[in-house]
Amino acid sequence: MKFNTKTIHGGQEHDPAYGAVMPPIYQTSTYAQSTPGGHKGFEYSRTHNPTRQALENAFASIENGAYGLAFGSGLAAIDAVIKILKPGDEVISTNDLYGGTYRLFTKIFEDFGIKFHFIGMENASNIEAYINANTKLIWVETPTNPMLNIIDIKATAAIAKKHNVRLAVDNTFATPYLQRPLDLGADIVMHSATKYMGGHSDVVMGALIVKDKELADQLYFIQNASGAICGPQDSFLVLRGIKTLHVRMQRHCENGKAIAEYLASHPKIEKVYWPGFENHPNHEIAKSQMDDFGGMLSFTTKGNNYEEAIKTVEHLKIFTLAESLGGVESLSGHPASMTHASIPKIEREKTGVVDSLIRLSVGIEDINDLIDDLKQALG
Ligand SMILES: *Cc1c(COP(=O)(O)O)cnc(C)c1O
């Protein structure tokens, strides 16, 4: 099955009870048993729920995995991955990272005796120097947030395999429409399904997808034992969102390209970060591992003026100033004061998150309206 068919049919069966084409929202915590243990595969909704299971099958299908797991948020999904580790274990992570992931790693899991190395991975050969006998996991986000750096998944996977370390990829920005990390050798794919997967800014959810049965069993155990699951209503909404992922992504990519090109030609703009530009430092890797370049981009204004950046986002009318990304509507963000405020200024400036940086999640509105909006706000 091709991707554009999998988004609609992958892992899905019509409801066996009445033939409902969409999986019903099984809003139930428990399931009747005819005799102790005599159930139809469902006992308690923390462990299993038919609506969630339909969604988990869809996740597995579109990422070319074998097993999918849905969580109450992207961070809950990441939390489950790190819980595989033991005190003393080490993780090598991208340094240009979603702020909440950085906070989870440093403020929660460092206290549990797990050591994190945050490094630049734009050159995959940087990674090997940090690997030792305690290294258990490499954590990659690509494209990175908000600098749109590209990390070579295939090369990183080769290093991980060589040292018997697992590779997890946060695929939130790209989605499987653009990039399928399991095919490139990753062990775990993670999503904030809050973003493009859900696609309508109405759900908070996380996902993990793996191929390996033993790893899946470990993660299912943690999902059930720790309990950070999502509910049936949210599962239904994300399942519905996935059905249009390919058409939404196509438009996100078209609009993203048009806006990147518009901004690059604007006299007030210093720099536009978008992996589709030939002069992007890792454009060739982006081209080889992604099918297109997505709807996320960042830019800085000349003079790197904090107040001017704030004024620009305040003046945008169609681009809503808000946290999050990946919905049908365009959003703007000021990472230094919003998504990345939890990363110390000195750390964030090292990765390029300066005061004038503005991030755009380009939606699927009419491109002329979006460009006019940017024009007036920058003016
Ligand atoms: C939003 C986001 C997360 C966290 O997901 P939540 O659903 O907000 O918990 C992780 N990684 C990336 C890249 C994100 O954009």
# chains A, B, ... in the order shown; residues from 1 in each chain; ligands from 1
>>> residues_around(residues="Thr156 in chain A", least_positions_apart="6", cutoff="8 Å", atoms="only C-alpha atoms", output="list in words")
Ala124, Ile127 and Leu167 of chain A
>>> residues_near_ligand(ligand="ligand 1", cutoff="10 Å", atoms="only C-alpha atoms and all ligand atoms", output="VMD selection string")
chain A and resid 71 to 79 97 to 102 140 to 146 169 to 174 190 to 196 203 to 207 323 to 326 339
>>> residues_around(residues="Lys257 in chain A", least_positions_apart="6", cutoff="9 Å", atoms="only C-alpha atoms", output="JSON list (two decimals) with C-alpha atoms, in the first residue's frame")
[["chain", "number", "residue", "atom", "x", "y", "z"],
["A", 274, "TRP", "CA", 14.64, 26.41, 5.80],
["A", 276, "GLY", "CA", 14.94, 23.56, 1.06],
["A", 293, "PHE", "CA", 10.96, 20.31, 3.05],
["A", 294, "GLY", "CA", 7.90, 20.85, 5.21],
["A", 295, "GLY", "CA", 6.04, 23.87, 6.49]]
>>> select_by_dssp(residues="range 250-371 of chain A", states="helix (DSSP H, G or I)", output="PyMOL selection string")
chain A and resi 250-264+283-289+306-315+345-350+367-371
>>> residues_around(residues="Gly352 in chain A", least_positions_apart="2", cutoff="10 Å", atoms="only C-alpha atoms", output="PyMOL selection string")
chain A and resi 96+146-147+300+347-350+354-355+357
>>> select_by_dssp(residues="range 175-310 of chain A", states="strand (DSSP E)", output="PyMOL selection string")
chain A and resi 188-192+206-210+269-273+296-301
>>> write_last_selection(atoms="all heavy atoms", output="compact mmCIF listing (two decimals), in the first residue's frame")
# COMPACT_ATOMS: atom_id res chain seq x y z
N ILE A 188 13.44 3.61 17.10
CA ILE A 188 12.21 4.16 17.67
C ILE A 188 11.89 5.47 16.94
O ILE A 188 12.78 6.30 16.75
CB ILE A 188 12.37 4.48 19.18
CG1 ILE A 188 12.77 3.24 19.96
CG2 ILE A 188 11.10 5.12 19.75
CD1 ILE A 188 13.13 3.52 21.42
N VAL A 189 10.63 5.63 16.55
CA VAL A 189 10.16 6.93 16.05
C VAL A 189 9.21 7.50 17.09
O VAL A 189 8.37 6.78 17.63
CB VAL A 189 9.43 6.78 14.70
CG1 VAL A 189 8.74 8.08 14.31
CG2 VAL A 189 10.40 6.39 13.62
N MET A 190 9.39 8.77 17.38
CA MET A 190 8.52 9.44 18.34
C MET A 190 7.81 10.60 17.65
O MET A 190 8.37 11.23 16.75
CB MET A 190 9.38 9.93 19.51
CG MET A 190 8.65 10.75 20.54
SD MET A 190 8.92 12.51 20.20
CE MET A 190 7.44 13.21 20.93
N HIS A 191 6.57 10.86 18.06
CA HIS A 191 5.82 12.01 17.57
C HIS A 191 5.14 12.76 18.69
O HIS A 191 4.59 12.14 19.59
CB HIS A 191 4.68 11.57 16.63
CG HIS A 191 5.13 11.32 15.24
ND1 HIS A 191 5.30 12.33 14.32
CD2 HIS A 191 5.49 10.17 14.62
CE1 HIS A 191 5.72 11.81 13.19
NE2 HIS A 191 5.86 10.50 13.34
N SER A 192 5.16 14.06 18.60
CA SER A 192 4.13 14.82 19.26
C SER A 192 2.98 14.85 18.26
O SER A 192 2.99 15.62 17.31
CB SER A 192 4.59 16.24 19.60
OG SER A 192 3.45 16.97 20.01
N GLY A 206 0.88 11.93 22.13
CA GLY A 206 2.21 11.47 21.71
C GLY A 206 2.14 10.07 21.13
O GLY A 206 1.17 9.34 21.34
N ALA A 207 3.19 9.71 20.36
CA ALA A 207 3.23 8.39 19.76
C ALA A 207 4.65 7.85 19.71
O ALA A 207 5.61 8.61 19.59
CB ALA A 207 2.66 8.44 18.35
N LEU A 208 4.74 6.53 19.79
CA LEU A 208 5.99 5.82 19.53
C LEU A 208 5.69 4.74 18.50
O LEU A 208 4.61 4.12 18.54
CB LEU A 208 6.54 5.17 20.80
CG LEU A 208 6.90 6.08 21.96
CD1 LEU A 208 7.34 5.24 23.17
CD2 LEU A 208 8.01 7.07 21.57
N ILE A 209 6.65 4.52 17.62
CA ILE A 209 6.50 3.44 16.64
C ILE A 209 7.83 2.68 16.57
O ILE A 209 8.89 3.31 16.51
CB ILE A 209 6.13 3.97 15.24
CG1 ILE A 209 4.83 4.77 15.30
CG2 ILE A 209 5.96 2.80 14.26
CD1 ILE A 209 4.98 6.25 15.31
N VAL A 210 7.77 1.36 16.62
CA VAL A 210 8.97 0.53 16.55
C VAL A 210 8.71 -0.67 15.64
O VAL A 210 7.56 -0.97 15.30
CB VAL A 210 9.41 0.03 17.96
CG1 VAL A 210 9.67 1.20 18.90
CG2 VAL A 210 8.38 -0.90 18.56
N ILE A 269 14.98 41.19 6.35
CA ILE A 269 15.31 39.87 6.90
C ILE A 269 16.81 39.60 6.82
O ILE A 269 17.44 39.81 5.80
CB ILE A 269 14.53 38.77 6.12
CG1 ILE A 269 13.02 39.01 6.19
CG2 ILE A 269 14.88 37.38 6.66
CD1 ILE A 269 12.42 39.03 7.57
N GLU A 270 17.34 39.13 7.94
CA GLU A 270 18.76 38.79 8.01
C GLU A 270 18.99 37.40 7.42
O GLU A 270 19.80 37.20 6.54
CB GLU A 270 19.20 38.84 9.49
CG GLU A 270 20.62 38.39 9.78
CD GLU A 270 21.66 39.43 9.40
OE1 GLU A 270 21.33 40.63 9.47
OE2 GLU A 270 22.77 39.06 9.01
N LYS A 271 18.23 36.41 7.97
CA LYS A 271 18.50 35.04 7.57
C LYS A 271 17.21 34.22 7.67
O LYS A 271 16.41 34.43 8.59
CB LYS A 271 19.56 34.45 8.50
CG LYS A 271 20.18 33.16 7.98
CD LYS A 271 21.50 32.85 8.67
CE LYS A 271 21.98 31.45 8.40
NZ LYS A 271 21.88 30.92 7.08
N VAL A 272 17.03 33.32 6.72
CA VAL A 272 15.87 32.42 6.76
C VAL A 272 16.41 31.00 6.91
O VAL A 272 17.30 30.59 6.16
CB VAL A 272 15.02 32.52 5.47
CG1 VAL A 272 13.81 31.59 5.56
CG2 VAL A 272 14.59 33.95 5.24
N TYR A 273 15.89 30.29 7.90
CA TYR A 273 16.32 28.91 8.13
C TYR A 273 15.25 27.97 7.56
O TYR A 273 14.14 27.89 8.09
CB TYR A 273 16.50 28.64 9.62
CG TYR A 273 17.57 29.50 10.26
CD1 TYR A 273 17.26 30.75 10.80
CD2 TYR A 273 18.89 29.06 10.31
CE1 TYR A 273 18.24 31.54 11.38
CE2 TYR A 273 19.88 29.84 10.89
CZ TYR A 273 19.55 31.08 11.42
OH TYR A 273 20.51 31.86 11.99
N MET A 296 7.73 24.23 8.19
CA MET A 296 8.32 24.94 9.32
C MET A 296 9.53 25.74 8.84
O MET A 296 10.36 25.22 8.09
CB MET A 296 8.80 23.94 10.39
CG MET A 296 7.69 23.14 11.03
SD MET A 296 6.46 24.15 11.88
CE MET A 296 7.48 25.03 13.07
N LEU A 297 9.62 26.97 9.30
CA LEU A 297 10.82 27.75 9.01
C LEU A 297 11.00 28.81 10.09
O LEU A 297 10.07 29.15 10.82
CB LEU A 297 10.72 28.39 7.61
CG LEU A 297 9.54 29.30 7.33
CD1 LEU A 297 9.92 30.76 7.56
CD2 LEU A 297 9.10 29.13 5.90
N SER A 298 12.23 29.29 10.19
CA SER A 298 12.54 30.35 11.15
C SER A 298 13.30 31.44 10.44
O SER A 298 13.92 31.20 9.40
CB SER A 298 13.39 29.80 12.30
OG SER A 298 12.67 28.85 13.04
N PHE A 299 13.25 32.66 10.99
CA PHE A 299 14.03 33.75 10.40
C PHE A 299 14.43 34.77 11.46
O PHE A 299 13.83 34.84 12.53
CB PHE A 299 13.26 34.43 9.26
CG PHE A 299 11.99 35.13 9.69
CD1 PHE A 299 12.00 36.49 9.99
CD2 PHE A 299 10.79 34.44 9.78
CE1 PHE A 299 10.83 37.15 10.37
CE2 PHE A 299 9.62 35.09 10.16
CZ PHE A 299 9.64 36.44 10.46
N THR A 300 15.49 35.50 11.14
CA THR A 300 15.91 36.60 12.01
C THR A 300 15.83 37.90 11.21
O THR A 300 15.95 37.89 9.99
CB THR A 300 17.35 36.42 12.52
OG1 THR A 300 18.21 36.22 11.39
CG2 THR A 300 17.48 35.22 13.45
N THR A 301 15.63 39.00 11.94
CA THR A 301 15.56 40.30 11.27
C THR A 301 16.91 41.00 11.44
O THR A 301 17.64 40.74 12.41
CB THR A 301 14.44 41.17 11.87
OG1 THR A 301 14.43 41.00 13.28
CG2 THR A 301 13.09 40.76 11.32
>>> closest_atom_pairs(of="range 17-40 of chain A", to="range 55-68 of chain A", cutoff="12 Å", atoms="only C-alpha atoms", output="CSV")
residue,atom,partner,partner_atom,distance
A:Met22,CA,A:Leu55,CA,10.9
A:Pro23,CA,A:Leu55,CA,9.1
A:Pro24,CA,A:Leu55,CA,11.4
A:Ile25,CA,A:Leu55,CA,11.2
>>> residues_around(residues="Thr106 in chain A", least_positions_apart="4", cutoff="12 Å", atoms="only C-alpha atoms", output="count of residues only")
19
>>> residues_around(residues="range 217-220 of chain A", least_positions_apart="3", cutoff="8 Å", atoms="only C-alpha atoms", output="ChimeraX atom specification")
/A:69,80-81,84,213-214,223-224
